[in-house]
Amino acid sequence: MSLDRIQLLRNVGQFDSVSEGAQFPLTRLVLIYAENGRGKTTLSSILRSAGTGNAHLVTERHRLGAQHPPHLVLTPRAGPPLVFQNAVWSSTLPGVAVFDDHFVAQNVCAGIEIGASHRQNLHELILGAQGVALNAALQGHVASIEDHNRTLRALGDAIPVEARGNMAVDAFCALPARADIDVTIQDGERDLAAARSADAVRQAATFIALSLPSFDIPAINALLARTLPDLEAEAAHRVQAHLVKLGGAGATWVSDGMQSIAAASTDVDHEICPFCAQDLANSPLLGHYRAYFSEAYDQLKRDVEQQVRELNNTHGAPAALTFERSLREAEQRRNFWGAFVQVPEITVDTAVLARAWGEAREAIAEVLTAKQAAPLEGSILPEAAMAAIANYEAAKVAVTACSESLTACNDQIALVKERAAEASVADLTADLTRLKITRARYSANVAPQCAAYEEEKAAKTRTEGLRDQARIALDNYRQNIFPAYQRVLNDYLGRFNAGFRLDQVDSVNTRGGSACSYSVLINNAVVPHTADVGPSFRNTLSAGDRNALALAFFFASLEQDQQLAQKIVVIDDPMTSLDEHRSLTTVQEIRRLLPRVAQVIVLSHSKPFLCNLWEGANTADRSAIRLIRAAAGSTFAAWDVRQDCITEHDRRHELVTEYLQAANPAVERQVAAALRPILEAFARVAYPNTFQPGGLLGPFIGICEQRVNTPGQILSQADIVELRALLDYSNLFHHDSNPAWAMQVINDQALVNFAQRTLAFTRR
């Protein structure tokens with residue numbers, strides 16, 4: 001695509017409201033001449049803005065004093081017009097490459113200094129569109145990673161410090177979940193408590209079994225059922241009937257009396273009553289009493305008494321107190337060991353136990369008391385007593401279960417004792433802290449925050465992978481593009497006859513982004529970009545060198561552009577500080593570039609430079625415009641380049657030739673005055689060693705006469721005679737040789753004759 005017309009420039013730079021550009025179609029080569037301050041730089045900025053879409057390049061040139069914002073209309077050769085209005089372009093003009101002061105300041109140097117931004121911009125210039133796209137992709141991923149980092153910092157800061165302690169956020173969020181965390185923490189707390197109380201743990205006793213005595217029901221029933229089977233039933237009946245008459249203590253009273261009788265019989269030869277001293281020899285009951293209250297009877301009573309004592313000893317108040325003391329000790333040990341191991345609750349209801357135990361004991365005691373009162377009466381434990389015993393046994397089962405659960409902890413207690421003896425409080429503290437942090441990591445309020453952090457971290461990792469891929473692609477591209485660019489660049493510097501070259505043109509990654517690194521070689525010596533003392537870029541390269549370097553950068557970047565055929569190349573005043581050779585080289589490079597691009601637009605204040613471009617261009621491909629002063633700023637006007645391209649010598653030749661073709665009395669004196677300069681110009685070109693600048697034809701003819709027929713002959717004798725004649729005529733019309741030259745009469749026939757002879761002489 002190329003630009004066809006500059007339709008409208010309004011309220012920008014020197015252009016108030018200029019529509020004259022619509023009258024001038026823009027060809028493949030467009031030359032725009034203007035004096036300084038007429039608007040060349042503004043046009044360059046407008047074209048750069050149209051190519052990039054950067055509205056700031058236009059708005060910053062808002063015409064001073066204008067009430068309305070800039071309004072521009074550019075017409076491309078194909079497609080709708082490009083309109084800039086309300087600080088935005090309707091569309092862009094792709095492929096515009098501009099060389100101007102802005103290009104130099106952005107990509108090469110600012111004045112005499114090279115900054116980091118210059119080398120970064122130069123890096124993009126060298127990369128070209130493809131490389132810039134690769135670099136943009138890389139920088140996009142880098143920027144995304146920075147966004148991830150900012151998000152991660154925010155998400156990390158949102159995680160409570162009290163939850164993660166002094167642990168880093170990454171390590172905190174990476175903690176693995178544990179299903180048994182609560183149990184493990186509880187065990188850890190106990191281990192730590194045991195380690196801190198190692199001496200107490202070592203000395204503390206383990207659990208001992210809780211025991212309650214049982215009631216020997218078979219033995220009690222056997223005792224209750226015992227009688228005296230050798231005692232005659234009739235005798236037993238009569239004794240028992242008599243004892244009933246005696247009352248409740250009658251049996252004891254009679255038993256004691258029988259013992260007294262037995263003791264008294266050892267002193268007399270017959271038995272007497274211990275109470276009334278009567279002779280008992282003929283008493284009918286004495287025999288019965290003797291059988292009734294025999295040794296077996298006494299043994300029975302003693303057995304009953306023994307059972308009562310055993311009942312009181314085993315199940316009496318001391319036994320109950322002993323059990324209660326054992327229970328209190330178990331509770332104390334449970335309170336101590338509960339800090340280190342899982343110890344079950346002691347669920348014994350002592351009130352229920354005491355009541356059941358007492359009721360069973362009282363029920364058995366009551367039966368034994370009855371047996372004591374009537375030893376010869378056989379019986380068994382009644383149902384009430386058995387029910388009381390059953391209640392006691394039920395309560396005893398609960399005690400046994402509790403005891404077993406407590407003693408079952410002794411194995412764990414042994415491990416606690418063992419670990420406590422070897423444990424490190426510091427290590428256990430650290431382990432417990434980590435466990436508690438792990439629990440906090442997966443708590444209801446922290447887990448979602450960690451999940452968001454982990455998700456963002458995973459996204460960052462994916463972006464880092466894309467960044468690495470983009471960097472590899474860019475590095476591969478750089479490996480080819482930078483060496484090639486260096487070769488092309490130095491080739492251009494050679495054409496510009498620069499006294500320096502660039503070496504080690506390469507790409508480097510800096511904190512601010514990718515940048516171009518290069519060395520300046522002067523006389524094969526490396527000159528640094530900057531230096532506080534000694535040679536550096538700013539004191540070794542002249543203004544012309546810096547401009548030549550900028551042009552070389554620009555042309556070399558175009559050489560690397562794969563879309564060169566679609567480019568619109570804009571060159572604004574490239575002649576700054578360039579000598580004649582470099583000016584000619586610039587003209588040649590623009591001519592070489594012209595057939596390879598869509599359009600070249602050159603703006604300059606140098607007519608000779610533009611004329612050189614004009615003369616070498618195809619007439620169908622060239623157009624010229626000039627920016628001139630208008631009533632309010634600048635405007636467009638046609639530029640007749642031909643009139644500025646021809647020299648005074650060309651004009652004289654044209655004047656004489658036209659006069660020979662058609663007589664014109666109005667110019668005949670000018671024709672006569674032109675003859676001598678034509679001859680002088682011929683001699684200066686034909687014989688530069690003899691006819692020096694500022695020389696005169698008279699002395700020249702004298703030298704020619706001296707060299708006739710010598711090896712150094714300049715003109716033949718005939719030519720000398722002819723040149724003398726022509727000089728004599730032409731001197732008539734010059735003030736230095738004829739004071740009355742302005743009044744000299746001119747004969748048309750003579751003028752035509754000498755004019756023809758002059759042109760003929762200069763064609764030899």
# chains A, B, ... in the order shown; residues from 1 in each chain; ligands from 1
>>> residues_around(residues="A:Val745", least_positions_apart="3", cutoff="12 Å", atoms="only C-alpha atoms", output="PDB file with N, CA, C and O atoms, in the first residue's frame")
ATOM      1  N   GLU A 668      19.151  39.673 -26.992  1.00  0.00           N
ATOM      2  CA  GLU A 668      20.393  39.580 -27.759  1.00  0.00           C
ATOM      3  C   GLU A 668      21.608  40.041 -26.952  1.00  0.00           C
ATOM      4  O   GLU A 668      22.703  39.488 -27.095  1.00  0.00           O
ATOM      5  N   ARG A 669      21.483  41.059 -26.097  1.00  0.00           N
ATOM      6  CA  ARG A 669      22.631  41.484 -25.292  1.00  0.00           C
ATOM      7  C   ARG A 669      23.005  40.392 -24.280  1.00  0.00           C
ATOM      8  O   ARG A 669      24.185  40.174 -23.990  1.00  0.00           O
ATOM      9  N   ALA A 672      24.948  37.784 -26.158  1.00  0.00           N
ATOM     10  CA  ALA A 672      26.327  38.218 -26.406  1.00  0.00           C
ATOM     11  C   ALA A 672      27.169  38.104 -25.137  1.00  0.00           C
ATOM     12  O   ALA A 672      28.339  37.690 -25.176  1.00  0.00           O
ATOM     13  N   TYR A 729      35.567  39.206 -29.691  1.00  0.00           N
ATOM     14  CA  TYR A 729      34.172  39.600 -29.879  1.00  0.00           C
ATOM     15  C   TYR A 729      33.436  39.612 -28.540  1.00  0.00           C
ATOM     16  O   TYR A 729      32.722  40.571 -28.208  1.00  0.00           O
ATOM     17  N   LEU A 732      33.682  42.484 -25.954  1.00  0.00           N
ATOM     18  CA  LEU A 732      32.964  43.732 -26.207  1.00  0.00           C
ATOM     19  C   LEU A 732      31.753  43.890 -25.288  1.00  0.00           C
ATOM     20  O   LEU A 732      31.261  45.005 -25.087  1.00  0.00           O
ATOM     21  N   PHE A 733      31.313  42.764 -24.674  1.00  0.00           N
ATOM     22  CA  PHE A 733      30.058  42.808 -23.918  1.00  0.00           C
ATOM     23  C   PHE A 733      30.264  42.491 -22.431  1.00  0.00           C
ATOM     24  O   PHE A 733      29.363  41.988 -21.756  1.00  0.00           O
ATOM     25  N   ALA A 740      32.242  50.502 -22.011  1.00  0.00           N
ATOM     26  CA  ALA A 740      30.998  50.912 -22.677  1.00  0.00           C
ATOM     27  C   ALA A 740      30.207  49.698 -23.173  1.00  0.00           C
ATOM     28  O   ALA A 740      29.453  49.790 -24.135  1.00  0.00           O
ATOM     29  N   TRP A 741      30.405  48.552 -22.484  1.00  0.00           N
ATOM     30  CA  TRP A 741      29.781  47.307 -22.960  1.00  0.00           C
ATOM     31  C   TRP A 741      28.252  47.398 -23.050  1.00  0.00           C
ATOM     32  O   TRP A 741      27.632  46.815 -23.941  1.00  0.00           O
ATOM     33  N   ALA A 742      27.673  48.176 -22.137  1.00  0.00           N
ATOM     34  CA  ALA A 742      26.211  48.262 -22.162  1.00  0.00           C
ATOM     35  C   ALA A 742      25.704  49.053 -23.368  1.00  0.00           C
ATOM     36  O   ALA A 742      24.537  48.914 -23.739  1.00  0.00           O
ATOM     37  N   ASP A 748      22.846  41.616 -35.446  1.00  0.00           N
ATOM     38  CA  ASP A 748      22.268  40.271 -35.312  1.00  0.00           C
ATOM     39  C   ASP A 748      23.057  39.249 -36.114  1.00  0.00           C
ATOM     40  O   ASP A 748      23.318  38.137 -35.631  1.00  0.00           O
ATOM     41  N   ALA A 750      26.240  39.317 -37.016  1.00  0.00           N
ATOM     42  CA  ALA A 750      27.522  39.048 -36.367  1.00  0.00           C
ATOM     43  C   ALA A 750      27.325  38.219 -35.103  1.00  0.00           C
ATOM     44  O   ALA A 750      28.103  37.288 -34.809  1.00  0.00           O
ATOM     45  N   LEU A 751      26.278  38.521 -34.352  1.00  0.00           N
ATOM     46  CA  LEU A 751      26.025  37.781 -33.116  1.00  0.00           C
ATOM     47  C   LEU A 751      25.732  36.315 -33.417  1.00  0.00           C
ATOM     48  O   LEU A 751      26.244  35.413 -32.744  1.00  0.00           O
TER      49      LEU A 751
END
>>> residues_around(residues="A:Val721", least_positions_apart="5", cutoff="12 Å", atoms="only C-alpha atoms", output="ChimeraX atom specification")
/A:701-702,704-705,708,715-716,726-728,761
>>> residues_around(residues="A:Cys645", least_positions_apart="4", cutoff="8 Å", atoms="only C-alpha atoms", output="list of chain:residue names")
A:Lys607, A:Pro608, A:Cys611, A:Asn612, A:Glu615, A:Val641
>>> atom_distance(atom1="atom CA of A:Ile625", atom2="atom CA of A:Ala638")
5.1 Å
>>> residues_around(residues="A:Tyr392", least_positions_apart="3", cutoff="7 Å", atoms="only C-alpha atoms", output="JSON, numbers by chain")
{"A": [353, 356, 357, 360, 388, 389, 395, 396]}
>>> residues_around(residues="A:Thr690", least_positions_apart="3", cutoff="10 Å", atoms="only C-alpha atoms", output="list in words")
Ala683, Arg684, Ala686, Tyr687, Pro693, Gly695, Phe700, Ile703, Cys704 and Ile714 of chain A
>>> closest_atom_pairs(of="stretch 606-709 of chain A", to="stretch 63-68 of chain A", cutoff="12 Å", atoms="only C-alpha atoms", output="CSV")
residue,atom,partner,partner_atom,distance
A:Ala632,CA,A:Arg63,CA,11.0
A:Gly633,CA,A:Arg63,CA,9.8
A:Ser634,CA,A:Arg63,CA,11.7
>>> closest_atom_pairs(of="stretch 132-235 of chain A", to="stretch 513-517 of chain A", cutoff="10 Å", atoms="only C-alpha atoms", output="JSON lines")
{"residue": "A:Asn135", "atom": "CA", "partner": "A:Ser514", "partner_atom": "CA", "distance": 8.1}
{"residue": "A:Leu138", "atom": "CA", "partner": "A:Ser514", "partner_atom": "CA", "distance": 9.9}
{"residue": "A:Gln139", "atom": "CA", "partner": "A:Gly513", "partner_atom": "CA", "distance": 7.7}
{"residue": "A:Val142", "atom": "CA", "partner": "A:Gly513", "partner_atom": "CA", "distance": 9.5}
>>> write_last_selection(atoms="all heavy atoms", output="PDB file, in the first residue's frame")
ATOM      1  N   ASN A 135       9.803 -11.080  20.264  1.00  0.00           N
ATOM      2  CA  ASN A 135      10.203 -10.388  21.485  1.00  0.00           C
ATOM      3  C   ASN A 135       8.980  -9.895  22.262  1.00  0.00           C
ATOM      4  O   ASN A 135       8.955  -9.931  23.490  1.00  0.00           O
ATOM      5  CB  ASN A 135      11.111  -9.211  21.139  1.00  0.00           C
ATOM      6  CG  ASN A 135      11.752  -8.593  22.370  1.00  0.00           C
ATOM      7  OD1 ASN A 135      12.333  -9.288  23.187  1.00  0.00           O
ATOM      8  ND2 ASN A 135      11.643  -7.297  22.514  1.00  0.00           N
ATOM      9  N   LEU A 138       7.632 -12.727  24.108  1.00  0.00           N
ATOM     10  CA  LEU A 138       8.461 -12.979  25.290  1.00  0.00           C
ATOM     11  C   LEU A 138       8.175 -11.957  26.380  1.00  0.00           C
ATOM     12  O   LEU A 138       7.964 -12.307  27.548  1.00  0.00           O
ATOM     13  CB  LEU A 138       9.935 -12.947  24.894  1.00  0.00           C
ATOM     14  CG  LEU A 138      10.940 -13.019  26.060  1.00  0.00           C
ATOM     15  CD1 LEU A 138      10.763 -14.314  26.842  1.00  0.00           C
ATOM     16  CD2 LEU A 138      12.363 -12.890  25.539  1.00  0.00           C
ATOM     17  N   GLN A 139       8.168 -10.663  26.003  1.00  0.00           N
ATOM     18  CA  GLN A 139       7.928  -9.625  26.997  1.00  0.00           C
ATOM     19  C   GLN A 139       6.530  -9.725  27.584  1.00  0.00           C
ATOM     20  O   GLN A 139       6.305  -9.396  28.752  1.00  0.00           O
ATOM     21  CB  GLN A 139       8.152  -8.238  26.373  1.00  0.00           C
ATOM     22  CG  GLN A 139       9.583  -7.994  25.926  1.00  0.00           C
ATOM     23  CD  GLN A 139      10.588  -8.234  27.032  1.00  0.00           C
ATOM     24  OE1 GLN A 139      10.363  -7.846  28.175  1.00  0.00           O
ATOM     25  NE2 GLN A 139      11.699  -8.878  26.698  1.00  0.00           N
ATOM     26  N   VAL A 142       6.793 -12.291  30.164  1.00  0.00           N
ATOM     27  CA  VAL A 142       7.530 -11.728  31.298  1.00  0.00           C
ATOM     28  C   VAL A 142       6.609 -10.824  32.115  1.00  0.00           C
ATOM     29  O   VAL A 142       6.594 -10.868  33.353  1.00  0.00           O
ATOM     30  CB  VAL A 142       8.773 -10.956  30.811  1.00  0.00           C
ATOM     31  CG1 VAL A 142       9.410 -10.183  31.962  1.00  0.00           C
ATOM     32  CG2 VAL A 142       9.792 -11.914  30.199  1.00  0.00           C
TER      33      VAL A 142
END
>>> residues_around(residues="A:Arg651", least_positions_apart="3", cutoff="12 Å", atoms="only C-alpha atoms", output="NGL selection string")
:A and (642-648 or 654-658 or 670-671 or 674-675 or 677-678)
>>> atom_distance(atom1="atom CA of A:Trp639", atom2="atom CA of A:Asn11")
24.2 Å
>>> closest_residue(among="A:Gln706, A:Ser604, A:Thr59, A:Ser730", to="A:Leu679", atoms="only C-alpha atoms")
A:Ser730
>>> residues_around(residues="A:Val446", least_positions_apart="4", cutoff="10 Å", atoms="only C-alpha atoms", output="ChimeraX atom specification")
/A:158-160,163-164,173,439-442,450-451
>>> decode(residues="stretch 712-753 of chain A", atoms="N, CA and C atoms", output="PDB file, in the first residue's frame")
ATOM      1  N   GLY A 712      53.983  19.499 -24.702  1.00  0.00           N
ATOM      2  CA  GLY A 712      52.911  19.969 -23.819  1.00  0.00           C
ATOM      3  C   GLY A 712      51.880  20.805 -24.526  1.00  0.00           C
ATOM      4  N   GLN A 713      51.747  20.663 -25.873  1.00  0.00           N
ATOM      5  CA  GLN A 713      50.795  21.481 -26.637  1.00  0.00           C
ATOM      6  C   GLN A 713      49.393  21.281 -26.107  1.00  0.00           C
ATOM      7  N   ILE A 714      48.699  22.445 -26.031  1.00  0.00           N
ATOM      8  CA  ILE A 714      47.315  22.410 -25.537  1.00  0.00           C
ATOM      9  C   ILE A 714      46.351  22.543 -26.706  1.00  0.00           C
ATOM     10  N   LEU A 715      46.482  23.641 -27.465  1.00  0.00           N
ATOM     11  CA  LEU A 715      45.636  23.890 -28.628  1.00  0.00           C
ATOM     12  C   LEU A 715      46.525  24.023 -29.864  1.00  0.00           C
ATOM     13  N   SER A 716      45.951  23.679 -30.964  1.00  0.00           N
ATOM     14  CA  SER A 716      46.670  23.908 -32.228  1.00  0.00           C
ATOM     15  C   SER A 716      46.665  25.402 -32.529  1.00  0.00           C
ATOM     16  N   GLN A 717      47.503  25.807 -33.493  1.00  0.00           N
ATOM     17  CA  GLN A 717      47.578  27.226 -33.851  1.00  0.00           C
ATOM     18  C   GLN A 717      46.248  27.718 -34.385  1.00  0.00           C
ATOM     19  N   ALA A 718      45.589  26.866 -35.163  1.00  0.00           N
ATOM     20  CA  ALA A 718      44.289  27.257 -35.734  1.00  0.00           C
ATOM     21  C   ALA A 718      43.264  27.475 -34.635  1.00  0.00           C
ATOM     22  N   ASP A 719      43.267  26.589 -33.630  1.00  0.00           N
ATOM     23  CA  ASP A 719      42.318  26.728 -32.524  1.00  0.00           C
ATOM     24  C   ASP A 719      42.627  27.965 -31.695  1.00  0.00           C
ATOM     25  N   ILE A 720      43.932  28.276 -31.576  1.00  0.00           N
ATOM     26  CA  ILE A 720      44.293  29.467 -30.807  1.00  0.00           C
ATOM     27  C   ILE A 720      43.764  30.706 -31.517  1.00  0.00           C
ATOM     28  N   VAL A 721      43.951  30.737 -32.841  1.00  0.00           N
ATOM     29  CA  VAL A 721      43.466  31.881 -33.621  1.00  0.00           C
ATOM     30  C   VAL A 721      41.963  32.014 -33.480  1.00  0.00           C
ATOM     31  N   GLU A 722      41.251  30.869 -33.550  1.00  0.00           N
ATOM     32  CA  GLU A 722      39.786  30.907 -33.432  1.00  0.00           C
ATOM     33  C   GLU A 722      39.363  31.358 -32.045  1.00  0.00           C
ATOM     34  N   LEU A 723      40.017  30.827 -31.017  1.00  0.00           N
ATOM     35  CA  LEU A 723      39.655  31.204 -29.650  1.00  0.00           C
ATOM     36  C   LEU A 723      39.933  32.679 -29.420  1.00  0.00           C
ATOM     37  N   ARG A 724      41.054  33.223 -29.985  1.00  0.00           N
ATOM     38  CA  ARG A 724      41.356  34.643 -29.849  1.00  0.00           C
ATOM     39  C   ARG A 724      40.246  35.477 -30.480  1.00  0.00           C
ATOM     40  N   ALA A 725      39.796  35.059 -31.651  1.00  0.00           N
ATOM     41  CA  ALA A 725      38.754  35.812 -32.347  1.00  0.00           C
ATOM     42  C   ALA A 725      37.459  35.820 -31.538  1.00  0.00           C
ATOM     43  N   LEU A 726      37.108  34.662 -31.041  1.00  0.00           N
ATOM     44  CA  LEU A 726      35.883  34.571 -30.244  1.00  0.00           C
ATOM     45  C   LEU A 726      35.990  35.412 -28.974  1.00  0.00           C
ATOM     46  N   LEU A 727      37.190  35.411 -28.343  1.00  0.00           N
ATOM     47  CA  LEU A 727      37.377  36.189 -27.137  1.00  0.00           C
ATOM     48  C   LEU A 727      37.289  37.681 -27.433  1.00  0.00           C
ATOM     49  N   ASP A 728      37.888  38.108 -28.546  1.00  0.00           N
ATOM     50  CA  ASP A 728      37.840  39.531 -28.894  1.00  0.00           C
ATOM     51  C   ASP A 728      36.395  39.999 -29.052  1.00  0.00           C
ATOM     52  N   TYR A 729      35.567  39.206 -29.691  1.00  0.00           N
ATOM     53  CA  TYR A 729      34.172  39.600 -29.879  1.00  0.00           C
ATOM     54  C   TYR A 729      33.436  39.612 -28.540  1.00  0.00           C
ATOM     55  N   SER A 730      33.593  38.543 -27.772  1.00  0.00           N
ATOM     56  CA  SER A 730      32.823  38.440 -26.534  1.00  0.00           C
ATOM     57  C   SER A 730      33.258  39.470 -25.497  1.00  0.00           C
ATOM     58  N   ASN A 731      34.536  39.958 -25.558  1.00  0.00           N
ATOM     59  CA  ASN A 731      34.988  40.965 -24.602  1.00  0.00           C
ATOM     60  C   ASN A 731      34.273  42.295 -24.777  1.00  0.00           C
ATOM     61  N   LEU A 732      33.682  42.484 -25.954  1.00  0.00           N
ATOM     62  CA  LEU A 732      32.964  43.732 -26.207  1.00  0.00           C
ATOM     63  C   LEU A 732      31.753  43.890 -25.288  1.00  0.00           C
ATOM     64  N   PHE A 733      31.313  42.764 -24.674  1.00  0.00           N
ATOM     65  CA  PHE A 733      30.058  42.808 -23.918  1.00  0.00           C
ATOM     66  C   PHE A 733      30.264  42.491 -22.431  1.00  0.00           C
ATOM     67  N   HIS A 734      31.498  42.847 -21.939  1.00  0.00           N
ATOM     68  CA  HIS A 734      31.781  42.649 -20.513  1.00  0.00           C
ATOM     69  C   HIS A 734      32.406  43.901 -19.945  1.00  0.00           C
ATOM     70  N   HIS A 735      32.023  44.296 -18.780  1.00  0.00           N
ATOM     71  CA  HIS A 735      32.444  45.577 -18.204  1.00  0.00           C
ATOM     72  C   HIS A 735      33.930  45.607 -17.888  1.00  0.00           C
ATOM     73  N   ASP A 736      34.551  44.458 -17.610  1.00  0.00           N
ATOM     74  CA  ASP A 736      35.954  44.464 -17.242  1.00  0.00           C
ATOM     75  C   ASP A 736      36.874  44.646 -18.456  1.00  0.00           C
ATOM     76  N   SER A 737      36.311  44.385 -19.618  1.00  0.00           N
ATOM     77  CA  SER A 737      37.123  44.534 -20.835  1.00  0.00           C
ATOM     78  C   SER A 737      36.619  45.666 -21.740  1.00  0.00           C
ATOM     79  N   ASN A 738      35.412  46.178 -21.528  1.00  0.00           N
ATOM     80  CA  ASN A 738      34.842  47.265 -22.334  1.00  0.00           C
ATOM     81  C   ASN A 738      33.944  48.092 -21.429  1.00  0.00           C
ATOM     82  N   PRO A 739      34.455  49.260 -20.976  1.00  0.00           N
ATOM     83  CA  PRO A 739      33.648  50.096 -20.090  1.00  0.00           C
ATOM     84  C   PRO A 739      32.324  50.501 -20.720  1.00  0.00           C
ATOM     85  N   ALA A 740      32.242  50.502 -22.011  1.00  0.00           N
ATOM     86  CA  ALA A 740      30.998  50.912 -22.677  1.00  0.00           C
ATOM     87  C   ALA A 740      30.207  49.698 -23.173  1.00  0.00           C
ATOM     88  N   TRP A 741      30.405  48.552 -22.484  1.00  0.00           N
ATOM     89  CA  TRP A 741      29.781  47.307 -22.960  1.00  0.00           C
ATOM     90  C   TRP A 741      28.252  47.398 -23.050  1.00  0.00           C
ATOM     91  N   ALA A 742      27.673  48.176 -22.137  1.00  0.00           N
ATOM     92  CA  ALA A 742      26.211  48.262 -22.162  1.00  0.00           C
ATOM     93  C   ALA A 742      25.704  49.053 -23.368  1.00  0.00           C
ATOM     94  N   MET A 743      26.580  49.915 -23.982  1.00  0.00           N
ATOM     95  CA  MET A 743      26.176  50.723 -25.135  1.00  0.00           C
ATOM     96  C   MET A 743      26.666  50.126 -26.447  1.00  0.00           C
ATOM     97  N   GLN A 744      27.372  49.009 -26.376  1.00  0.00           N
ATOM     98  CA  GLN A 744      27.930  48.388 -27.579  1.00  0.00           C
ATOM     99  C   GLN A 744      26.792  47.979 -28.517  1.00  0.00           C
ATOM    100  N   VAL A 745      26.934  48.406 -29.798  1.00  0.00           N
ATOM    101  CA  VAL A 745      25.911  48.097 -30.805  1.00  0.00           C
ATOM    102  C   VAL A 745      26.018  46.620 -31.167  1.00  0.00           C
ATOM    103  N   ILE A 746      24.883  45.978 -31.277  1.00  0.00           N
ATOM    104  CA  ILE A 746      24.846  44.550 -31.580  1.00  0.00           C
ATOM    105  C   ILE A 746      24.264  44.364 -32.973  1.00  0.00           C
ATOM    106  N   ASN A 747      25.014  43.623 -33.791  1.00  0.00           N
ATOM    107  CA  ASN A 747      24.535  43.257 -35.123  1.00  0.00           C
ATOM    108  C   ASN A 747      24.076  41.809 -35.047  1.00  0.00           C
ATOM    109  N   ASP A 748      22.846  41.616 -35.446  1.00  0.00           N
ATOM    110  CA  ASP A 748      22.268  40.271 -35.312  1.00  0.00           C
ATOM    111  C   ASP A 748      23.057  39.249 -36.114  1.00  0.00           C
ATOM    112  N   GLN A 749      23.498  39.640 -37.343  1.00  0.00           N
ATOM    113  CA  GLN A 749      24.205  38.675 -38.181  1.00  0.00           C
ATOM    114  C   GLN A 749      25.544  38.302 -37.551  1.00  0.00           C
ATOM    115  N   ALA A 750      26.240  39.317 -37.016  1.00  0.00           N
ATOM    116  CA  ALA A 750      27.522  39.048 -36.367  1.00  0.00           C
ATOM    117  C   ALA A 750      27.325  38.219 -35.103  1.00  0.00           C
ATOM    118  N   LEU A 751      26.278  38.521 -34.352  1.00  0.00           N
ATOM    119  CA  LEU A 751      26.025  37.781 -33.116  1.00  0.00           C
ATOM    120  C   LEU A 751      25.732  36.315 -33.417  1.00  0.00           C
ATOM    121  N   VAL A 752      24.912  36.092 -34.466  1.00  0.00           N
ATOM    122  CA  VAL A 752      24.594  34.710 -34.826  1.00  0.00           C
ATOM    123  C   VAL A 752      25.865  33.974 -35.231  1.00  0.00           C
ATOM    124  N   ASN A 753      26.734  34.676 -36.018  1.00  0.00           N
ATOM    125  CA  ASN A 753      27.962  34.039 -36.481  1.00  0.00           C
ATOM    126  C   ASN A 753      28.853  33.635 -35.316  1.00  0.00           C
TER     127      ASN A 753
END
